[in-house]
Amino acid sequence: MPTRIGLCAGRHEIKANDGELITDFIYGKIDPESIHDYKDHASVAYKHLTDSKAVDVELYITGLTSLTLAFVIAAKEYGNLKNLTFMHYDRDSGQYVPQSALALCE
């Protein structure tokens with residue numbers, strides 16, 4: 001079973017397709033004054049990955065492209081992921097659609 005992580009807390013409730021509530025998030029509420037602190041965002045994501053010792057991650061994307069990219073940078077630096085899947089919400093179906101990011105794990 002993959003480690004399920006939401007990108008950013010507080011944007012909206014996230015439930016996986018099987019109904020599991022996602023309660024673990026990389027980022028808390030982002031201060032608008034620090035939205036462009038990309039280095040810090042990558043450090044936060046890296047720390048989250050190392051603390052969790054994750055090897056298989058489903059990342060539930062909540063918007064904020066800069067945070068998604070900071071996570072990508074951190075995941076590549078972390079180097080221990082065997083599988084990474086981005087989960088994107090589809091408004092029409094009400095489900096999350098997976099996007100493999102396995103290439104980042106190689």
# chains A, B, ... in the order shown; residues from 1 in each chain; ligands from 1
$ residues_around --residues "range 100-102 of chain A" --least-positions-apart "4" --cutoff "6 Å" --atoms "only C-alpha atoms" --output "PyMOL selection string"
chain A and resi 83-85
$ write_last_selection --atoms "N, CA and C atoms" --output "PDB file, in the first residue's frame"
ATOM      1  N   ASN A  83       8.420   4.211  -6.287  1.00  0.00           N
ATOM      2  CA  ASN A  83       7.233   4.509  -7.078  1.00  0.00           C
ATOM      3  C   ASN A  83       6.658   5.847  -6.608  1.00  0.00           C
ATOM      4  N   LEU A  84       6.231   6.656  -7.563  1.00  0.00           N
ATOM      5  CA  LEU A  84       5.600   7.938  -7.274  1.00  0.00           C
ATOM      6  C   LEU A  84       4.445   8.116  -8.246  1.00  0.00           C
ATOM      7  N   THR A  85       3.272   8.374  -7.678  1.00  0.00           N
ATOM      8  CA  THR A  85       2.078   8.597  -8.494  1.00  0.00           C
ATOM      9  C   THR A  85       1.444   9.908  -8.063  1.00  0.00           C
TER      10      THR A  85
END
$ select_by_dssp --residues "chain A" --states "strand (DSSP E)" --output "list in words"
Thr3, Arg4, Ile5, Gly6, Leu7, Cys8, Phe25, Ile26, Tyr27, Asp56, Val57, Glu58, Leu59, Tyr60, Asn83, Leu84, Thr85, Phe86, Met87, His88, Tyr89, Asp90, Gln95, Tyr96, Val97, Pro98, Gln99 and Ser100 of chain A
$ write_last_selection --atoms "N, CA and C atoms" --output "compact mmCIF listing (two decimals), in the first residue's frame"
# COMPACT_ATOMS: atom_id res chain seq x y z
N THR A 3 2.18 5.14 0.49
CA THR A 3 1.99 6.23 1.45
C THR A 3 1.19 7.30 0.73
N ARG A 4 0.06 7.65 1.29
CA ARG A 4 -0.81 8.67 0.67
C ARG A 4 -0.58 10.00 1.36
N ILE A 5 -0.21 10.99 0.56
CA ILE A 5 0.13 12.30 1.09
C ILE A 5 -0.58 13.37 0.26
N GLY A 6 -1.18 14.33 0.93
CA GLY A 6 -1.73 15.50 0.25
C GLY A 6 -0.64 16.55 0.11
N LEU A 7 -0.73 17.33 -0.93
CA LEU A 7 0.31 18.35 -1.15
C LEU A 7 0.20 19.48 -0.13
N CYS A 8 -0.97 20.08 0.00
CA CYS A 8 -1.12 21.28 0.82
C CYS A 8 -2.41 21.19 1.63
N PHE A 25 -0.07 15.72 5.12
CA PHE A 25 0.22 16.72 4.09
C PHE A 25 1.68 17.16 4.17
N ILE A 26 2.23 17.45 2.99
CA ILE A 26 3.60 17.99 2.93
C ILE A 26 3.63 19.39 3.52
N TYR A 27 2.72 20.23 3.10
CA TYR A 27 2.70 21.63 3.51
C TYR A 27 1.43 21.94 4.28
N ASP A 56 7.04 4.38 -1.64
CA ASP A 56 5.95 4.32 -2.63
C ASP A 56 4.94 5.38 -2.22
N VAL A 57 4.84 6.44 -3.03
CA VAL A 57 4.01 7.59 -2.65
C VAL A 57 2.92 7.86 -3.67
N GLU A 58 1.71 8.10 -3.16
CA GLU A 58 0.61 8.70 -3.93
C GLU A 58 0.51 10.13 -3.42
N LEU A 59 0.80 11.11 -4.28
CA LEU A 59 0.73 12.51 -3.90
C LEU A 59 -0.55 13.12 -4.46
N TYR A 60 -1.42 13.57 -3.58
CA TYR A 60 -2.69 14.17 -3.97
C TYR A 60 -2.46 15.66 -4.20
N ASN A 83 8.42 4.21 -6.29
CA ASN A 83 7.23 4.51 -7.08
C ASN A 83 6.66 5.85 -6.61
N LEU A 84 6.23 6.66 -7.56
CA LEU A 84 5.60 7.94 -7.27
C LEU A 84 4.44 8.12 -8.25
N THR A 85 3.27 8.37 -7.68
CA THR A 85 2.08 8.60 -8.49
C THR A 85 1.44 9.91 -8.06
N PHE A 86 1.23 10.80 -9.02
CA PHE A 86 0.50 12.03 -8.76
C PHE A 86 -0.97 11.74 -8.95
N MET A 87 -1.80 12.18 -8.01
CA MET A 87 -3.24 11.97 -8.07
C MET A 87 -3.91 13.31 -8.33
N HIS A 88 -4.61 13.39 -9.47
CA HIS A 88 -5.26 14.63 -9.90
C HIS A 88 -6.77 14.47 -9.81
N TYR A 89 -7.44 15.44 -9.22
CA TYR A 89 -8.89 15.38 -9.06
C TYR A 89 -9.60 15.65 -10.38
N ASP A 90 -10.56 14.79 -10.71
CA ASP A 90 -11.39 14.96 -11.89
C ASP A 90 -12.78 15.39 -11.43
N GLN A 95 -13.52 11.61 -8.83
CA GLN A 95 -12.46 10.67 -8.47
C GLN A 95 -11.10 11.28 -8.78
N TYR A 96 -10.07 10.66 -8.24
CA TYR A 96 -8.71 11.06 -8.55
C TYR A 96 -8.17 10.17 -9.67
N VAL A 97 -7.47 10.79 -10.59
CA VAL A 97 -6.90 10.10 -11.74
C VAL A 97 -5.38 10.02 -11.53
N PRO A 98 -4.81 8.82 -11.58
CA PRO A 98 -3.37 8.67 -11.34
C PRO A 98 -2.52 9.06 -12.54
N GLN A 99 -1.37 9.65 -12.25
CA GLN A 99 -0.35 9.95 -13.25
C GLN A 99 0.96 9.41 -12.73
N SER A 100 1.49 8.42 -13.39
CA SER A 100 2.76 7.83 -12.94
C SER A 100 3.90 8.82 -13.11
$ atom_distance --atom1 "CA of Lys47 in chain A" --atom2 "CA of Leu21 in chain A"
22.6 Å
$ closest_residue --among "A:Ala9, A:Leu67, A:Arg91, A:Ser43" --to "Ile22 in chain A" --atoms "only C-alpha atoms"
A:Ala9
$ select_by_dssp --residues "chain A" --states "helix (DSSP H, G or I)" --output "ChimeraX atom specification"
/A:32-34,38-52,65-78,102-105
$ residues_around --residues "Asn80 in chain A" --least-positions-apart "4" --cutoff "10 Å" --atoms "only C-alpha atoms" --output "list in words"
Leu49, Thr50, Lys53, Ala54, Val55, Asp56, Ala75, Lys76, Cys105 and Glu106 of chain A
$ write_last_selection --atoms "N, CA and C atoms" --output "mmCIF file, in the first residue's frame"
data_model
loop_
_atom_site.group_PDB
_atom_site.id
_atom_site.type_symbol
_atom_site.label_atom_id
_atom_site.label_comp_id
_atom_site.auth_asym_id
_atom_site.auth_seq_id
_atom_site.Cartn_x
_atom_site.Cartn_y
_atom_site.Cartn_z
ATOM 1 N N LEU A 49 9.711 13.632 3.373
ATOM 2 C CA LEU A 49 10.057 12.330 2.780
ATOM 3 C C LEU A 49 11.042 11.565 3.661
ATOM 4 N N THR A 50 12.071 12.233 4.154
ATOM 5 C CA THR A 50 13.062 11.534 4.978
ATOM 6 C C THR A 50 12.461 11.095 6.313
ATOM 7 N N LYS A 53 10.289 8.086 5.612
ATOM 8 C CA LYS A 53 11.011 6.964 4.989
ATOM 9 C C LYS A 53 10.181 6.319 3.869
ATOM 10 N N ALA A 54 9.445 7.149 3.166
ATOM 11 C CA ALA A 54 8.552 6.678 2.103
ATOM 12 C C ALA A 54 9.331 6.067 0.946
ATOM 13 N N VAL A 55 8.758 5.015 0.353
ATOM 14 C CA VAL A 55 9.338 4.407 -0.844
ATOM 15 C C VAL A 55 8.316 4.324 -1.984
ATOM 16 N N ASP A 56 7.036 4.379 -1.638
ATOM 17 C CA ASP A 56 5.953 4.316 -2.627
ATOM 18 C C ASP A 56 4.941 5.380 -2.225
ATOM 19 N N ALA A 75 11.878 15.052 -4.140
ATOM 20 C CA ALA A 75 11.789 13.608 -4.379
ATOM 21 C C ALA A 75 13.015 13.107 -5.128
ATOM 22 N N LYS A 76 13.463 13.869 -6.098
ATOM 23 C CA LYS A 76 14.651 13.485 -6.860
ATOM 24 C C LYS A 76 15.882 13.489 -5.951
ATOM 25 N N CYS A 105 11.867 8.328 -10.228
ATOM 26 C CA CYS A 105 12.402 7.389 -9.244
ATOM 27 C C CYS A 105 13.614 6.630 -9.777
ATOM 28 N N GLU A 106 13.936 6.818 -11.022
ATOM 29 C CA GLU A 106 15.035 6.063 -11.640
ATOM 30 C C GLU A 106 16.358 6.765 -11.506
#
$ atom_distance --atom1 "CA of Ile14 in chain A" --atom2 "CA of Ala45 in chain A"
18.7 Å
$ residues_around --residues "range 33-37 of chain A" --least-positions-apart "3" --cutoff "10 Å" --atoms "only C-alpha atoms" --output "NGL selection string"
:A and (30 or 40-42 or 64 or 66-67 or 70)
$ write_last_selection --atoms "N, CA and C atoms" --output "PDB file, in the first residue's frame"
ATOM      1  N   ILE A  30       0.061  27.951   3.531  1.00  0.00           N
ATOM      2  CA  ILE A  30       1.190  28.696   2.973  1.00  0.00           C
ATOM      3  C   ILE A  30       0.968  30.192   3.148  1.00  0.00           C
ATOM      4  N   ASP A  40      12.987  26.838   0.325  1.00  0.00           N
ATOM      5  CA  ASP A  40      12.397  26.390   1.584  1.00  0.00           C
ATOM      6  C   ASP A  40      11.308  25.346   1.329  1.00  0.00           C
ATOM      7  N   HIS A  41      10.500  25.550   0.310  1.00  0.00           N
ATOM      8  CA  HIS A  41       9.440  24.579  -0.005  1.00  0.00           C
ATOM      9  C   HIS A  41      10.045  23.207  -0.315  1.00  0.00           C
ATOM     10  N   ALA A  42      11.133  23.193  -1.067  1.00  0.00           N
ATOM     11  CA  ALA A  42      11.792  21.917  -1.375  1.00  0.00           C
ATOM     12  C   ALA A  42      12.370  21.293  -0.102  1.00  0.00           C
ATOM     13  N   LEU A  64      -1.342  24.860  -6.701  1.00  0.00           N
ATOM     14  CA  LEU A  64      -0.064  25.498  -6.404  1.00  0.00           C
ATOM     15  C   LEU A  64       1.107  24.777  -7.073  1.00  0.00           C
ATOM     16  N   SER A  66       3.994  25.700  -7.892  1.00  0.00           N
ATOM     17  CA  SER A  66       5.322  25.875  -7.305  1.00  0.00           C
ATOM     18  C   SER A  66       5.581  24.862  -6.198  1.00  0.00           C
ATOM     19  N   LEU A  67       4.558  24.473  -5.444  1.00  0.00           N
ATOM     20  CA  LEU A  67       4.733  23.459  -4.398  1.00  0.00           C
ATOM     21  C   LEU A  67       4.897  22.076  -5.006  1.00  0.00           C
ATOM     22  N   ALA A  70       8.414  21.936  -6.178  1.00  0.00           N
ATOM     23  CA  ALA A  70       9.319  21.807  -5.037  1.00  0.00           C
ATOM     24  C   ALA A  70       9.336  20.364  -4.539  1.00  0.00           C
TER      25      ALA A  70
END
$ atom_distance --atom1 "CA of Ala16 in chain A" --atom2 "CA of Gly94 in chain A"
10.2 Å
$ decode --residues "range 14-104 of chain A" --atoms "C-alpha atoms" --output "compact mmCIF listing (two decimals), in the first residue's frame"
# COMPACT_ATOMS: atom_id res chain seq x y z
CA ILE A 14 -9.24 15.00 0.13
CA LYS A 15 -10.56 11.47 -0.01
CA ALA A 16 -8.82 8.73 -1.98
CA ASN A 17 -10.92 6.82 -4.49
CA ASP A 18 -11.53 4.10 -1.88
CA GLY A 19 -12.91 6.70 0.56
CA GLU A 20 -9.85 6.99 2.82
CA LEU A 21 -9.50 10.52 4.17
CA ILE A 22 -6.06 11.96 3.45
CA THR A 23 -4.73 13.51 6.65
CA ASP A 24 -0.98 13.65 6.00
CA PHE A 25 0.22 16.72 4.09
CA ILE A 26 3.60 17.99 2.93
CA TYR A 27 2.70 21.63 3.51
CA GLY A 28 0.42 23.37 5.97
CA LYS A 29 -1.15 26.71 5.20
CA ILE A 30 1.19 28.70 2.97
CA ASP A 31 1.90 32.29 3.91
CA PRO A 32 1.42 34.45 0.79
CA GLU A 33 4.61 36.31 1.76
CA SER A 34 6.64 33.10 1.32
CA ILE A 35 4.94 31.68 -1.77
CA HIS A 36 8.10 32.25 -3.84
CA ASP A 37 10.51 30.75 -1.30
CA TYR A 38 11.09 27.73 -3.54
CA LYS A 39 14.22 26.54 -1.74
CA ASP A 40 12.40 26.39 1.58
CA HIS A 41 9.44 24.58 0.00
CA ALA A 42 11.79 21.92 -1.37
CA SER A 43 13.44 21.60 2.06
CA VAL A 44 10.07 21.05 3.73
CA ALA A 45 9.17 18.34 1.21
CA TYR A 46 12.58 16.67 1.56
CA LYS A 47 12.24 16.59 5.36
CA HIS A 48 8.76 15.08 5.06
CA LEU A 49 10.06 12.33 2.78
CA THR A 50 13.06 11.53 4.98
CA ASP A 51 10.99 11.55 8.18
CA SER A 52 8.40 9.21 6.66
CA LYS A 53 11.01 6.96 4.99
CA ALA A 54 8.55 6.68 2.10
CA VAL A 55 9.34 4.41 -0.84
CA ASP A 56 5.95 4.32 -2.63
CA VAL A 57 4.01 7.59 -2.65
CA GLU A 58 0.61 8.70 -3.93
CA LEU A 59 0.73 12.51 -3.90
CA TYR A 60 -2.69 14.17 -3.97
CA ILE A 61 -2.21 17.40 -5.89
CA THR A 62 -4.10 20.40 -4.49
CA GLY A 63 -2.97 23.11 -6.87
CA LEU A 64 -0.06 25.50 -6.40
CA THR A 65 2.31 24.45 -9.14
CA SER A 66 5.32 25.88 -7.30
CA LEU A 67 4.73 23.46 -4.40
CA THR A 68 4.33 20.52 -6.76
CA LEU A 69 7.63 21.39 -8.42
CA ALA A 70 9.32 21.81 -5.04
CA PHE A 71 8.12 18.30 -4.16
CA VAL A 72 9.51 16.95 -7.46
CA ILE A 73 12.90 18.50 -6.71
CA ALA A 74 12.84 17.07 -3.18
CA ALA A 75 11.79 13.61 -4.38
CA LYS A 76 14.65 13.48 -6.86
CA GLU A 77 17.13 14.58 -4.18
CA TYR A 78 15.66 12.11 -1.66
CA GLY A 79 16.41 9.27 -4.06
CA ASN A 80 14.67 6.47 -2.14
CA LEU A 81 11.33 6.40 -3.94
CA LYS A 82 10.59 3.22 -5.86
CA ASN A 83 7.23 4.51 -7.08
CA LEU A 84 5.60 7.94 -7.27
CA THR A 85 2.08 8.60 -8.49
CA PHE A 86 0.50 12.03 -8.76
CA MET A 87 -3.24 11.97 -8.07
CA HIS A 88 -5.26 14.63 -9.90
CA TYR A 89 -8.89 15.38 -9.06
CA ASP A 90 -11.39 14.96 -11.89
CA ARG A 91 -14.42 17.17 -11.24
CA ASP A 92 -16.61 15.24 -13.69
CA SER A 93 -16.19 11.84 -12.04
CA GLY A 94 -15.44 13.03 -8.49
CA GLN A 95 -12.46 10.67 -8.47
CA TYR A 96 -8.71 11.06 -8.55
CA VAL A 97 -6.90 10.10 -11.74
CA PRO A 98 -3.37 8.67 -11.34
CA GLN A 99 -0.35 9.95 -13.25
CA SER A 100 2.76 7.83 -12.94
CA ALA A 101 5.93 9.71 -12.15
CA LEU A 102 8.05 6.57 -12.06
CA ALA A 103 10.69 8.28 -14.23
CA LEU A 104 11.54 10.50 -11.24
